[in-house]
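For reference, the structure is listed below as structure tokens.
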Amino acid sequence: AQSVTQLGSHVSVSEGALVLLRCNYSSSVPPYLFWYVQYPNQGLQLLLKYTTGATLVKGINGFEAEFKKSETSFHLTKPSAHMSDAAEYFCAVSAVSGGYQKVTFGIGTKLQVIP
Amino acid sequence: GAGVSQSPSNKVTEKGKDVELRCDPISGHTALYWYRQRLGQGLEFLIYFQGNSAPDKSGLPSDRFSAERTGESVSTLTIQRTQQEDSAVYLCASSYRASDTQYFGPGTRLTVL
């Protein structure tokens, strides 16, 4: 079985400050890892993903995440928060299990950006 | 091409009624997922279709929930005898292959009175 843990259901940062959203996963097989963002009243959209290769992944809107196998983590960062970054962020893990490609989402982290 | 579309965008129904939600995936996408998102909670996996294979129904919460998909096209999620706890946003997503990025529709907000 696989799982995703997002630490902190709500995170507040000041505009211009570092954004750090934490994600830890468990998987018995090498996983694919994703971060999605959900703006109010909209569906989810992909920020970035890790499949294989380089462990530092760059996504849209200046976000990046680093896959650390030893720590089973895939934390999302952005050097300088912008007001438009206020949204809910979901970490997800995808791996084959029981013949199916299982995708498990974390509970989400709501990011508030304070002017 | 167009993204994933869902209809209706909003549905208000009375307890005990049946509802049918529709999802049109991106053309050519073989994998289709249904999720439920209750207020203030994360995404809850419901069901997954991959091509013509048997669907993964492991996430369906009860036998009141069912879903169909014809080939690699439209999918419908049916909830029979709706209950108030079924109130949620139902999200559909599709991907080219199962391990690829999922593209989400805008969701259907279901309210059961």
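Labeling convention for the structure tokens: chains A, B, ... as they appear, residues from 1 per chain, ligands from 1 in order of appearance.
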For this session: Compile the contact shell of Val93 (chain A) as a list in words: residues with an atom at most 7 Å away, counting only C-alpha atoms, same-chain residues fewer than 6 positions apart removed.
Result: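 Using only C-alpha atoms, the neighbours found are Val4, Pro31, Tyr32, Leu33, Phe34, Val103, Thr104 and Phe105 of chain A.
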Residues of the last selection are to be written out with N, CA and C atoms, as a PDB file, in the first residue's frame.
```
ATOM      1  N   VAL A   4       0.448   9.083   1.426  1.00  0.00           N
ATOM      2  CA  VAL A   4       1.048  10.405   1.329  1.00  0.00           C
ATOM      3  C   VAL A   4       0.678  11.179   2.577  1.00  0.00           C
ATOM      4  N   PRO A  31       8.108   5.137  -6.857  1.00  0.00           N
ATOM      5  CA  PRO A  31       6.885   5.858  -7.236  1.00  0.00           C
ATOM      6  C   PRO A  31       7.150   6.992  -8.218  1.00  0.00           C
ATOM      7  N   TYR A  32       6.075   7.438  -8.833  1.00  0.00           N
ATOM      8  CA  TYR A  32       6.064   8.740  -9.470  1.00  0.00           C
ATOM      9  C   TYR A  32       5.436   9.691  -8.450  1.00  0.00           C
ATOM     10  N   LEU A  33       5.914  10.909  -8.425  1.00  0.00           N
ATOM     11  CA  LEU A  33       5.436  11.874  -7.441  1.00  0.00           C
ATOM     12  C   LEU A  33       4.974  13.139  -8.145  1.00  0.00           C
ATOM     13  N   PHE A  34       3.910  13.713  -7.640  1.00  0.00           N
ATOM     14  CA  PHE A  34       3.289  14.880  -8.272  1.00  0.00           C
ATOM     15  C   PHE A  34       2.942  15.920  -7.208  1.00  0.00           C
ATOM     16  N   VAL A 103      -3.071   5.849  -7.617  1.00  0.00           N
ATOM     17  CA  VAL A 103      -2.691   7.228  -7.359  1.00  0.00           C
ATOM     18  C   VAL A 103      -3.325   7.631  -6.030  1.00  0.00           C
ATOM     19  N   THR A 104      -2.497   8.049  -5.106  1.00  0.00           N
ATOM     20  CA  THR A 104      -2.980   8.450  -3.791  1.00  0.00           C
ATOM     21  C   THR A 104      -2.614   9.903  -3.552  1.00  0.00           C
ATOM     22  N   PHE A 105      -3.602  10.687  -3.149  1.00  0.00           N
ATOM     23  CA  PHE A 105      -3.400  12.106  -2.880  1.00  0.00           C
ATOM     24  C   PHE A 105      -3.299  12.355  -1.384  1.00  0.00           C
TER      25      PHE A 105
END
```
Exercise. What's the 9 Å shell around region 31-35 of chain B, counting only C-alpha atoms, without same-chain residues fewer than 6 positions away, as JSON, numbers by chain?
Worked result: {"B": [23, 25, 43, 44, 45, 46, 47, 48, 49, 50, 51, 59, 67, 69, 72, 75, 77, 89, 90, 91, 92, 93, 94, 95, 96, 97, 98, 99, 102]}
Give one line per residue of chain A that approaches chain B to at most 8 Å, naming the two atoms of the closest pair and their distance in Å to one decimal, counting only C-alpha atoms; sort by chain then ascending residue number and deliver it as a tab-separated table.
```
residue	atom	partner	partner_atom	distance
A:Tyr32	CA	B:Ser99	CA	7.6
A:Asn41	CA	B:Pro106	CA	7.7
A:Gln42	CA	B:Pro106	CA	5.3
A:Gly43	CA	B:Pro106	CA	4.3
A:Leu44	CA	B:Phe104	CA	5.6
A:Gln45	CA	B:Tyr103	CA	6.7
A:Leu46	CA	B:Thr101	CA	7.2
A:Lys49	CA	B:Thr101	CA	7.9
A:Phe90	CA	B:Gly42	CA	7.9
A:Ser94	CA	B:Ser99	CA	6.7
A:Ala95	CA	B:Ser99	CA	7.5
A:Tyr100	CA	B:Asp56	CA	7.2
A:Gln101	CA	B:Ala98	CA	5.8
A:Thr104	CA	B:Phe45	CA	7.4
A:Phe105	CA	B:Leu43	CA	6.2
A:Gly106	CA	B:Gly42	CA	6.4
A:Ile107	CA	B:Gly42	CA	3.9
A:Gly108	CA	B:Gly42	CA	5.6
```
Convert the current residue selection to file output with all heavy atoms, as a tab-separated table (two decimals), in the first residue's frame.
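As written to disk, out.tsv reads:
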```
chain	number	residue	atom	x	y	z
A	32	TYR	N	6.07	7.44	-8.83
A	32	TYR	CA	6.06	8.74	-9.47
A	32	TYR	C	5.44	9.69	-8.45
A	32	TYR	O	4.52	9.32	-7.72
A	32	TYR	CB	5.22	8.73	-10.75
A	32	TYR	CG	5.80	7.92	-11.88
A	32	TYR	CD1	5.05	7.71	-13.04
A	32	TYR	CD2	7.07	7.38	-11.84
A	32	TYR	CE1	5.56	6.98	-14.11
A	32	TYR	CE2	7.59	6.64	-12.90
A	32	TYR	CZ	6.82	6.45	-14.03
A	32	TYR	OH	7.32	5.72	-15.08
A	41	ASN	N	-12.57	27.21	-6.43
A	41	ASN	CA	-13.64	26.86	-7.36
A	41	ASN	C	-13.13	26.37	-8.71
A	41	ASN	O	-13.80	26.53	-9.73
A	41	ASN	CB	-14.58	28.05	-7.57
A	41	ASN	CG	-15.23	28.49	-6.28
A	41	ASN	OD1	-15.72	27.67	-5.52
A	41	ASN	ND2	-15.17	29.78	-6.00
A	42	GLN	N	-11.96	25.79	-8.71
A	42	GLN	CA	-11.41	25.23	-9.95
A	42	GLN	C	-10.96	23.80	-9.70
A	42	GLN	O	-10.84	23.35	-8.56
A	42	GLN	CB	-10.22	26.06	-10.44
A	42	GLN	CG	-10.58	27.46	-10.87
A	42	GLN	CD	-9.39	28.18	-11.48
A	42	GLN	OE1	-8.50	27.56	-12.05
A	42	GLN	NE2	-9.39	29.49	-11.36
A	43	GLY	N	-10.70	23.10	-10.79
A	43	GLY	CA	-10.14	21.76	-10.68
A	43	GLY	C	-8.66	21.83	-10.38
A	43	GLY	O	-8.07	22.90	-10.27
A	44	LEU	N	-8.04	20.67	-10.21
A	44	LEU	CA	-6.61	20.63	-9.92
A	44	LEU	C	-5.81	20.76	-11.22
A	44	LEU	O	-6.24	20.28	-12.27
A	44	LEU	CB	-6.25	19.30	-9.25
A	44	LEU	CG	-6.52	19.17	-7.76
A	44	LEU	CD1	-8.00	19.07	-7.48
A	44	LEU	CD2	-5.79	17.96	-7.20
A	45	GLN	N	-4.65	21.36	-11.11
A	45	GLN	CA	-3.75	21.40	-12.25
A	45	GLN	C	-2.34	21.05	-11.79
A	45	GLN	O	-1.96	21.33	-10.66
A	45	GLN	CB	-3.77	22.76	-12.95
A	45	GLN	CG	-3.43	23.94	-12.10
A	45	GLN	CD	-3.52	25.24	-12.86
A	45	GLN	OE1	-2.61	25.63	-13.59
A	45	GLN	NE2	-4.64	25.92	-12.73
A	46	LEU	N	-1.59	20.45	-12.70
A	46	LEU	CA	-0.26	19.97	-12.35
A	46	LEU	C	0.72	21.12	-12.17
A	46	LEU	O	0.78	22.04	-12.98
A	46	LEU	CB	0.26	19.05	-13.46
A	46	LEU	CG	1.64	18.44	-13.20
A	46	LEU	CD1	1.55	17.36	-12.13
A	46	LEU	CD2	2.21	17.86	-14.48
A	49	LYS	N	6.17	17.23	-11.62
A	49	LYS	CA	6.16	15.80	-11.33
A	49	LYS	C	7.57	15.24	-11.40
A	49	LYS	O	8.44	15.76	-12.10
A	49	LYS	CB	5.27	15.05	-12.31
A	49	LYS	CG	5.75	15.07	-13.76
A	49	LYS	CD	4.80	14.27	-14.64
A	49	LYS	CE	5.25	14.29	-16.09
A	49	LYS	NZ	4.30	13.53	-16.96
A	90	PHE	N	-1.75	19.91	-3.41
A	90	PHE	CA	-1.88	18.48	-3.14
A	90	PHE	C	-0.65	17.73	-3.64
A	90	PHE	O	-0.26	17.88	-4.80
A	90	PHE	CB	-3.12	17.90	-3.83
A	90	PHE	CG	-4.43	18.40	-3.28
A	90	PHE	CD1	-5.01	19.54	-3.81
A	90	PHE	CD2	-5.06	17.73	-2.25
A	90	PHE	CE1	-6.22	20.01	-3.30
A	90	PHE	CE2	-6.28	18.19	-1.75
A	90	PHE	CZ	-6.85	19.33	-2.27
A	94	SER	N	2.11	7.91	-7.22
A	94	SER	CA	1.55	6.97	-8.19
A	94	SER	C	2.48	5.78	-8.34
A	94	SER	O	3.66	5.95	-8.61
A	94	SER	CB	1.37	7.67	-9.54
A	94	SER	OG	0.93	6.77	-10.53
A	95	ALA	N	1.94	4.59	-8.15
A	95	ALA	CA	2.75	3.38	-8.29
A	95	ALA	C	1.85	2.22	-8.63
A	95	ALA	O	0.65	2.22	-8.33
A	95	ALA	CB	3.52	3.10	-6.99
A	100	TYR	N	-2.91	-2.52	-10.84
A	100	TYR	CA	-3.46	-1.21	-11.18
A	100	TYR	C	-2.44	-0.12	-10.88
A	100	TYR	O	-1.60	-0.28	-9.99
A	100	TYR	CB	-4.73	-0.92	-10.38
A	100	TYR	CG	-5.93	-1.75	-10.76
A	100	TYR	CD1	-6.37	-2.77	-9.93
A	100	TYR	CD2	-6.63	-1.50	-11.93
A	100	TYR	CE1	-7.48	-3.52	-10.26
A	100	TYR	CE2	-7.75	-2.25	-12.26
A	100	TYR	CZ	-8.16	-3.26	-11.43
A	100	TYR	OH	-9.26	-4.01	-11.75
A	101	GLN	N	-2.54	0.97	-11.62
A	101	GLN	CA	-1.72	2.14	-11.32
A	101	GLN	C	-2.47	2.93	-10.27
A	101	GLN	O	-3.42	3.63	-10.57
A	101	GLN	CB	-1.51	2.99	-12.59
A	101	GLN	CG	-0.51	4.11	-12.41
A	101	GLN	CD	0.92	3.63	-12.37
A	101	GLN	OE1	1.26	2.60	-12.93
A	101	GLN	NE2	1.77	4.36	-11.68
A	104	THR	N	-2.50	8.05	-5.11
A	104	THR	CA	-2.98	8.45	-3.79
A	104	THR	C	-2.61	9.90	-3.55
A	104	THR	O	-1.46	10.30	-3.73
A	104	THR	CB	-2.35	7.57	-2.69
A	104	THR	OG1	-2.65	6.20	-2.96
A	104	THR	CG2	-2.90	7.96	-1.32
A	105	PHE	N	-3.60	10.69	-3.15
A	105	PHE	CA	-3.40	12.11	-2.88
A	105	PHE	C	-3.30	12.36	-1.38
A	105	PHE	O	-3.93	11.67	-0.57
A	105	PHE	CB	-4.57	12.94	-3.43
A	105	PHE	CG	-4.53	13.15	-4.92
A	105	PHE	CD1	-4.98	12.17	-5.79
A	105	PHE	CD2	-4.03	14.33	-5.45
A	105	PHE	CE1	-4.94	12.36	-7.15
A	105	PHE	CE2	-3.99	14.54	-6.81
A	105	PHE	CZ	-4.44	13.55	-7.67
A	106	GLY	N	-2.50	13.37	-1.02
A	106	GLY	CA	-2.50	13.85	0.34
A	106	GLY	C	-3.75	14.67	0.62
A	106	GLY	O	-4.55	14.93	-0.30
A	107	ILE	N	-3.91	15.08	1.87
A	107	ILE	CA	-5.13	15.81	2.25
A	107	ILE	C	-5.10	17.26	1.81
A	107	ILE	O	-6.10	17.96	1.89
A	107	ILE	CB	-5.39	15.75	3.77
A	107	ILE	CG1	-4.25	16.43	4.54
A	107	ILE	CG2	-5.58	14.31	4.22
A	107	ILE	CD1	-4.56	16.64	6.00
A	108	GLY	N	-3.95	17.72	1.34
A	108	GLY	CA	-3.86	19.08	0.85
A	108	GLY	C	-3.34	20.06	1.89
A	108	GLY	O	-3.52	19.87	3.10
```
Can you pull out the residues contacting Lys68 (chain A)? Cut-off 10 Å, using only C-alpha atoms, and skip same-chain residues under 4 positions away; I want them as a PDB file with N, CA, C and O atoms, in the first residue's frame.
```pdb
ATOM      1  N   ASN A  24       5.601  13.781   2.578  1.00  0.00           N
ATOM      2  CA  ASN A  24       6.301  12.514   2.747  1.00  0.00           C
ATOM      3  C   ASN A  24       5.419  11.400   2.215  1.00  0.00           C
ATOM      4  O   ASN A  24       4.198  11.459   2.303  1.00  0.00           O
ATOM      5  N   THR A  55      16.670  14.533  -9.569  1.00  0.00           N
ATOM      6  CA  THR A  55      15.806  14.537  -8.389  1.00  0.00           C
ATOM      7  C   THR A  55      15.248  15.912  -8.064  1.00  0.00           C
ATOM      8  O   THR A  55      14.285  16.015  -7.313  1.00  0.00           O
ATOM      9  N   LEU A  56      15.841  16.959  -8.621  1.00  0.00           N
ATOM     10  CA  LEU A  56      15.296  18.305  -8.438  1.00  0.00           C
ATOM     11  C   LEU A  56      14.439  18.620  -9.652  1.00  0.00           C
ATOM     12  O   LEU A  56      14.930  18.679 -10.782  1.00  0.00           O
ATOM     13  N   THR A  72      12.269   9.777   2.042  1.00  0.00           N
ATOM     14  CA  THR A  72      10.927   9.556   1.453  1.00  0.00           C
ATOM     15  C   THR A  72      10.137  10.854   1.441  1.00  0.00           C
ATOM     16  O   THR A  72       8.979  10.922   1.893  1.00  0.00           O
ATOM     17  N   SER A  73      10.775  11.889   0.914  1.00  0.00           N
ATOM     18  CA  SER A  73      10.127  13.201   0.894  1.00  0.00           C
ATOM     19  C   SER A  73      10.121  13.786  -0.505  1.00  0.00           C
ATOM     20  O   SER A  73      10.934  13.428  -1.365  1.00  0.00           O
ATOM     21  N   PHE A  74       9.201  14.709  -0.701  1.00  0.00           N
ATOM     22  CA  PHE A  74       9.067  15.420  -1.983  1.00  0.00           C
ATOM     23  C   PHE A  74       8.495  16.786  -1.651  1.00  0.00           C
ATOM     24  O   PHE A  74       7.409  17.152  -2.042  1.00  0.00           O
ATOM     25  N   HIS A  75       9.246  17.568  -0.913  1.00  0.00           N
ATOM     26  CA  HIS A  75       8.781  18.876  -0.447  1.00  0.00           C
ATOM     27  C   HIS A  75       8.757  19.888  -1.593  1.00  0.00           C
ATOM     28  O   HIS A  75       9.655  19.912  -2.445  1.00  0.00           O
TER      29      HIS A  75
END
```
Problem set entry | Near-Lys58 (chain A) list (12 Å; only C-alpha atoms; drop same-chain fewer than 3 positions) as a list of chain:residue names |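 So, after excluding close chain neighbours, the residues are A:Phe34, A:Trp35, A:Leu46, A:Leu47, A:Leu48, A:Lys49, A:Tyr50, A:Ala54, A:Thr55, A:Asn61, A:Gly62, A:Phe63, A:Glu64, A:Ala65, A:Glu66, A:Phe67, A:Leu76, A:Thr77, A:Lys78.
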For this session: Output as a ChimeraX atom specification all residues of region 1-98 of chain A that backbone DSSP marks as helix (DSSP H, G or I).
Result: /A:60-62,69-71,83-85
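The coordinates place CA of Ser70 (chain A) at 11.4 Å from CA of Ser26 (chain A).
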Problem set entry | In region 32-95 of chain A, DSSP strand (DSSP E or B) residues written as an MDAnalysis selection string | chainID A and resid 32:38 44:50 56:58 64:68 73:78 87:95
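Using only C-alpha atoms, the shortest contact distance between Arg64 (chain B) and any of B:Glu14, B:Ile79, B:Gly28, B:Val112 is found at B:Ile79.
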For this session: For Val19 (chain A), list every protein, DNA or RNA residue within 10 Å, evaluated using only C-alpha atoms, and leave out those in the same chain fewer than 6 positions away; present the list as an NGL selection string.
Result: :A and (11-13 or 63 or 76-82 or 85 or 111 or 113)
For this session: Identify, on the basis of only C-alpha atoms, every residue whose closest approach to Glu20 (chain B) does not exceed 12 Å; exclude the query and any residue fewer than 5 positions from it along the same chain; express the result as number ranges by chain.
Result: B: 6-13, 64-68, 75-82, 90, 108, 110
For this session: Skip Asn52 (chain B) itself and residues of its chain fewer than 5 positions away, then list as a PyMOL selection string all residues within 9 Å of it, counting only C-alpha atoms.
Result: chain B and resi 30+70-72
